[in-house]
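These notes concern the structure reproduced below.
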Amino acid sequence: MNDSMAQAPARIPLREPAAWQRAVNWVAALALGLLFLSSGLWKATDVGGWAVRLSQARVPESLSVAGALFFGIAETVAGVLLFVPRLRRWGAALAAVLLVAFMAYFALNYTALRGQDCSCFPWLKRVVGPGFFLGDGAMLLLAAVAAGWAPKSAGRRAAVIILGAVTVFAFLSWGVQTARETGMRAPAAITVDGHPYAIGKGKVFLFFFNPMCMHCMDAAKRMSHLDWGDTRVVAIPVEQPQFSQQFLAESGLKAAVSTDFNSLKTTFGYSTYPFGVAVVNGRQKAALRQFEAPEPAAALRGLGLVR
């Protein structure tokens with residue numbers, strides 16, 4: 001009878017990873033998880049600053065805030081999932097998708113972005129070039145190792161809860177940052193050319209810039225053609241202040257120069273250049289981070305700083 005009946009194939013039990021494989025899996029998961037968690041939290045807690053960085057990387061300004069929120073949430077979720085063994089494969093898969101997307105985007109825009117800063121991690125400075133692709137390739141290898149010797153992922157409910165919590169955190173952080181950008185009291189005076197310069201009354205526009213930054217130069221050239229009326233413009237060099245006057249001469253922007261960057265960056269929540277602050281009668285009225293045409297002219301007109 002046995003010869004006439006189909007025999008069900010024997011189920012071969014999956015081989016458990018060896019101790020060294022589990023150790024390597026943990027090292028890869030923790031390393032990649034820390035990288036993605038730090039990168040994601042940086043974006044989620046500085047949405048405005050990362051919106052500027054994305055626009056400088058040729059992402060349309062209309063999509064830059066949404067992009068900063070999306071990548072901040074996605075990277076943070078990937079980092080958290082990598083720390084949990086039963087969710088690790090999902091985290092590694094999400095990290096791999098993001099890495100491939102980054103590499104494809106920068107490959108397509110390589111000529112325009114080559115040499116530009118692309119630092120996604122607070123402590124690691126990178127520029128677009130061969131090293132960028134080598135670094136992301138190494139992280140892809142970590143994702144493969146983190147997924148390869150991890151148990152099969154299970155627990156969709158836990159993953160959804162993590163996604164929801166991270167999303168709420170990111171939007172709350174963005175809301176708090178936005179709220180802080182109005183009503184902040186400005187110092188009564190700052191230092192310009194070694195002398196006190198009152199900004200407690202009237203309309204003042206503070207322009208944070210780097211003299212070597214082409215985005216700053218383009219913005220300054222466009223602002224030089226605006227009718228500022230009785231608004232005073234104060235340019236604040238973030239780096240290399242010795243080239244400030246040359247920057248203003250080349251751009252044509254008429255502005256006083258203050259070297260009080262260290263104190264002003266704390267007061268107004270500066271994150272990255274170019275950055276602007278509208279001050280009216282001693283209080284911050286708005287922070288400006290969008291400087292691609294037609295900005296900041298449209299925002300400045302709406303605030304009543306230019307005609």
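Ordering of the structure tokens sets the chain letters (A, B, ...), residue numbers begin anew at 1 in every chain, and ligands are numbered from 1 in the order given.
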
Shell of 12 Å around region 245-252 of chain A, only C-alpha atoms, local chain residues under 6 positions omitted, as number ranges by chain: A: 193, 207, 209-226, 233-237, 258

Generate a file of the selected residues that holds C-alpha atoms, formatted as a CSV table (one decimal), in the first residue's frame.
chain,number,residue,atom,x,y,z
A,193,ASP,CA,31.8,96.9,12.8
A,207,PHE,CA,20.6,87.2,6.7
A,209,PHE,CA,25.1,83.2,5.0
A,210,ASN,CA,28.4,81.6,4.1
A,211,PRO,CA,30.5,83.8,1.7
A,212,MET,CA,31.6,80.6,-0.1
A,213,CYS,CA,28.0,79.3,-0.6
A,214,MET,CA,26.7,79.7,-4.1
A,215,HIS,CA,23.1,79.3,-2.9
A,216,CYS,CA,23.7,82.3,-0.6
A,217,MET,CA,25.3,84.3,-3.4
A,218,ASP,CA,22.3,83.6,-5.7
A,219,ALA,CA,19.9,84.6,-3.0
A,220,ALA,CA,21.8,87.8,-2.2
A,221,LYS,CA,22.0,88.8,-5.8
A,222,ARG,CA,18.2,88.5,-6.1
A,223,MET,CA,17.6,90.3,-2.9
A,224,SER,CA,19.9,93.2,-4.0
A,225,HIS,CA,17.2,94.1,-6.6
A,226,LEU,CA,14.4,94.4,-4.0
A,233,VAL,CA,19.5,94.4,6.3
A,234,VAL,CA,22.1,92.8,8.5
A,235,ALA,CA,24.3,90.1,7.0
A,236,ILE,CA,25.7,87.5,9.5
A,237,PRO,CA,28.5,85.3,8.2
A,258,SER,CA,27.5,91.5,12.2

With the cut-off set at 9 Å and counting only C-alpha atoms, tabulate each residue of region 124-172 of chain A with an atom at most that distance from an atom of region 50-74 of chain A, showing the nearest atom pair and its distance in Å to one decimal, ordered by chain and increasing number, as a tab-separated table.
residue	atom	partner	partner_atom	distance
A:Leu163	CA	A:Ile73	CA	7.7
A:Val166	CA	A:Ile73	CA	6.1
A:Thr167	CA	A:Ile73	CA	6.0
A:Phe169	CA	A:Ile73	CA	8.8
A:Ala170	CA	A:Ile73	CA	6.7
A:Phe171	CA	A:Leu69	CA	7.7

Taking only C-alpha atoms into account, name the residue in A:Leu305, A:Ala104, A:Ile190, A:Ala179 that is nearest to Phe133 (chain A). A:Ala104

Can you pull out every residue within 10 Å of Arg283 (chain A), counting only C-alpha atoms, but drop anything in the same chain fewer than 2 positions away, and send it as a ChimeraX atom specification? /A:182-188,199-204,277-281,285-286

Let's have the selection written as a short mmCIF file (atom, residue, chain, number, x, y, z; two decimals), in the first residue's frame, with C-alpha atoms.
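Writing done, so here's result_25.cif:
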data_model
loop_
_atom_site.label_atom_id
_atom_site.label_comp_id
_atom_site.auth_asym_id
_atom_site.auth_seq_id
_atom_site.Cartn_x
_atom_site.Cartn_y
_atom_site.Cartn_z
CA THR A 182 7.37 83.73 15.74
CA GLY A 183 7.34 86.13 18.66
CA MET A 184 10.89 85.46 19.85
CA ARG A 185 12.35 88.62 21.39
CA ALA A 186 15.47 89.81 19.59
CA PRO A 187 18.40 91.33 21.45
CA ALA A 188 18.09 95.10 21.79
CA ILE A 199 17.57 96.27 16.21
CA GLY A 200 14.86 96.69 18.87
CA LYS A 201 12.79 99.10 16.78
CA GLY A 202 11.69 99.18 13.16
CA LYS A 203 12.03 96.46 10.55
CA VAL A 204 15.24 94.42 10.30
CA VAL A 277 14.94 86.19 10.19
CA ALA A 278 12.39 88.99 9.93
CA VAL A 279 12.46 91.18 13.05
CA VAL A 280 9.79 93.83 13.57
CA ASN A 281 9.96 96.14 16.58
CA LYS A 285 8.06 87.81 12.94
CA ALA A 286 9.14 84.84 10.81
#

Which of region 126-205 of chain A end up as alpha helix (DSSP H) when DSSP is run on this backbone - answer as a ChimeraX atom specification? /A:130-148,156-180

Write a file of the just-selected residues containing N, CA and C atoms, as a CSV table (one decimal), in the first residue's frame.
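Final output, saved to again06.csv:
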chain,number,residue,atom,x,y,z
A,130,PRO,N,32.7,59.6,-5.3
A,130,PRO,CA,32.9,58.1,-5.2
A,130,PRO,C,32.8,57.6,-3.8
A,131,GLY,N,33.3,58.3,-2.8
A,131,GLY,CA,33.2,57.9,-1.4
A,131,GLY,C,31.8,57.8,-0.9
A,132,PHE,N,30.9,58.6,-1.4
A,132,PHE,CA,29.5,58.5,-1.0
A,132,PHE,C,28.9,57.2,-1.4
A,133,PHE,N,29.2,56.7,-2.6
A,133,PHE,CA,28.6,55.5,-3.1
A,133,PHE,C,29.2,54.3,-2.4
A,134,LEU,N,30.5,54.4,-2.1
A,134,LEU,CA,31.2,53.3,-1.3
A,134,LEU,C,30.6,53.2,0.1
A,135,GLY,N,30.3,54.4,0.7
A,135,GLY,CA,29.8,54.3,2.1
A,135,GLY,C,28.4,53.7,2.1
A,136,ASP,N,27.5,54.1,1.1
A,136,ASP,CA,26.2,53.6,1.1
A,136,ASP,C,26.2,52.1,0.7
A,137,GLY,N,27.2,51.7,-0.2
A,137,GLY,CA,27.4,50.3,-0.5
A,137,GLY,C,27.7,49.5,0.7
A,138,ALA,N,28.6,50.0,1.6
A,138,ALA,CA,28.9,49.4,2.8
A,138,ALA,C,27.7,49.2,3.8
A,139,MET,N,26.9,50.2,3.8
A,139,MET,CA,25.7,50.1,4.6
A,139,MET,C,24.7,49.1,4.0
A,140,LEU,N,24.6,49.0,2.7
A,140,LEU,CA,23.8,48.0,2.1
A,140,LEU,C,24.3,46.6,2.5
A,141,LEU,N,25.6,46.4,2.6
A,141,LEU,CA,26.1,45.1,3.1
A,141,LEU,C,25.7,44.9,4.5
A,142,LEU,N,25.7,45.9,5.3
A,142,LEU,CA,25.3,45.7,6.7
A,142,LEU,C,23.8,45.3,6.8
A,143,ALA,N,23.0,45.9,5.9
A,143,ALA,CA,21.6,45.6,5.9
A,143,ALA,C,21.4,44.1,5.5
A,144,ALA,N,22.2,43.6,4.5
A,144,ALA,CA,22.1,42.2,4.1
A,144,ALA,C,22.5,41.3,5.3
A,145,VAL,N,23.5,41.6,6.0
A,145,VAL,CA,24.0,40.8,7.1
A,145,VAL,C,22.9,40.9,8.2
A,146,ALA,N,22.4,42.1,8.5
A,146,ALA,CA,21.4,42.2,9.5
A,146,ALA,C,20.1,41.4,9.2
A,147,ALA,N,19.8,41.3,8.0
A,147,ALA,CA,18.6,40.5,7.6
A,147,ALA,C,18.9,39.0,7.4
A,148,GLY,N,20.1,38.7,7.0
A,148,GLY,CA,20.4,37.3,6.7
A,148,GLY,C,20.3,36.3,7.8
A,156,ARG,N,3.2,42.6,13.0
A,156,ARG,CA,2.8,43.8,12.3
A,156,ARG,C,2.3,44.9,13.2
A,157,ARG,N,1.5,44.5,14.2
A,157,ARG,CA,1.0,45.5,15.1
A,157,ARG,C,2.0,46.3,15.8
A,158,ALA,N,3.1,45.7,16.2
A,158,ALA,CA,4.2,46.4,16.9
A,158,ALA,C,4.8,47.4,15.9
A,159,ALA,N,5.0,46.9,14.6
A,159,ALA,CA,5.6,47.8,13.6
A,159,ALA,C,4.7,49.0,13.4
A,160,VAL,N,3.4,48.8,13.3
A,160,VAL,CA,2.5,49.9,13.0
A,160,VAL,C,2.5,50.9,14.2
A,161,ILE,N,2.6,50.4,15.4
A,161,ILE,CA,2.7,51.3,16.6
A,161,ILE,C,3.9,52.1,16.6
A,162,ILE,N,5.1,51.5,16.2
A,162,ILE,CA,6.3,52.2,16.1
A,162,ILE,C,6.2,53.3,15.0
A,163,LEU,N,5.7,53.0,13.9
A,163,LEU,CA,5.5,54.0,12.8
A,163,LEU,C,4.6,55.1,13.3
A,164,GLY,N,3.5,54.8,14.0
A,164,GLY,CA,2.6,55.8,14.4
A,164,GLY,C,3.3,56.7,15.5
A,165,ALA,N,4.0,56.2,16.4
A,165,ALA,CA,4.7,56.9,17.4
A,165,ALA,C,5.7,57.9,16.8
A,166,VAL,N,6.5,57.3,15.9
A,166,VAL,CA,7.6,58.2,15.2
A,166,VAL,C,6.9,59.3,14.4
A,167,THR,N,5.8,59.0,13.7
A,167,THR,CA,5.1,60.0,12.9
A,167,THR,C,4.6,61.1,13.8
A,168,VAL,N,4.0,60.8,14.9
A,168,VAL,CA,3.5,61.8,15.8
A,168,VAL,C,4.6,62.6,16.4
A,169,PHE,N,5.7,62.0,16.7
A,169,PHE,CA,6.9,62.7,17.3
A,169,PHE,C,7.4,63.7,16.2
A,170,ALA,N,7.5,63.3,15.0
A,170,ALA,CA,8.1,64.1,13.9
A,170,ALA,C,7.2,65.3,13.7
A,171,PHE,N,5.9,65.2,13.6
A,171,PHE,CA,5.0,66.3,13.4
A,171,PHE,C,4.9,67.2,14.6
A,172,LEU,N,5.0,66.7,15.8
A,172,LEU,CA,5.1,67.5,17.0
A,172,LEU,C,6.3,68.4,17.0
A,173,SER,N,7.5,67.7,16.7
A,173,SER,CA,8.7,68.5,16.6
A,173,SER,C,8.7,69.6,15.6
A,174,TRP,N,8.1,69.3,14.5
A,174,TRP,CA,7.9,70.3,13.4
A,174,TRP,C,7.0,71.5,13.9
A,175,GLY,N,6.0,71.1,14.6
A,175,GLY,CA,5.0,72.1,15.1
A,175,GLY,C,5.7,73.0,16.1
A,176,VAL,N,6.4,72.4,17.0
A,176,VAL,CA,7.1,73.2,18.0
A,176,VAL,C,8.2,74.1,17.4
A,177,GLN,N,8.9,73.6,16.4
A,177,GLN,CA,9.9,74.4,15.8
A,177,GLN,C,9.2,75.6,15.0
A,178,THR,N,8.1,75.4,14.4
A,178,THR,CA,7.4,76.4,13.7
A,178,THR,C,6.9,77.5,14.6
A,179,ALA,N,6.3,77.0,15.8
A,179,ALA,CA,5.8,77.9,16.7
A,179,ALA,C,6.8,78.8,17.3
A,180,ARG,N,8.0,78.3,17.5
A,180,ARG,CA,9.1,79.1,18.1
A,180,ARG,C,9.7,80.1,17.2
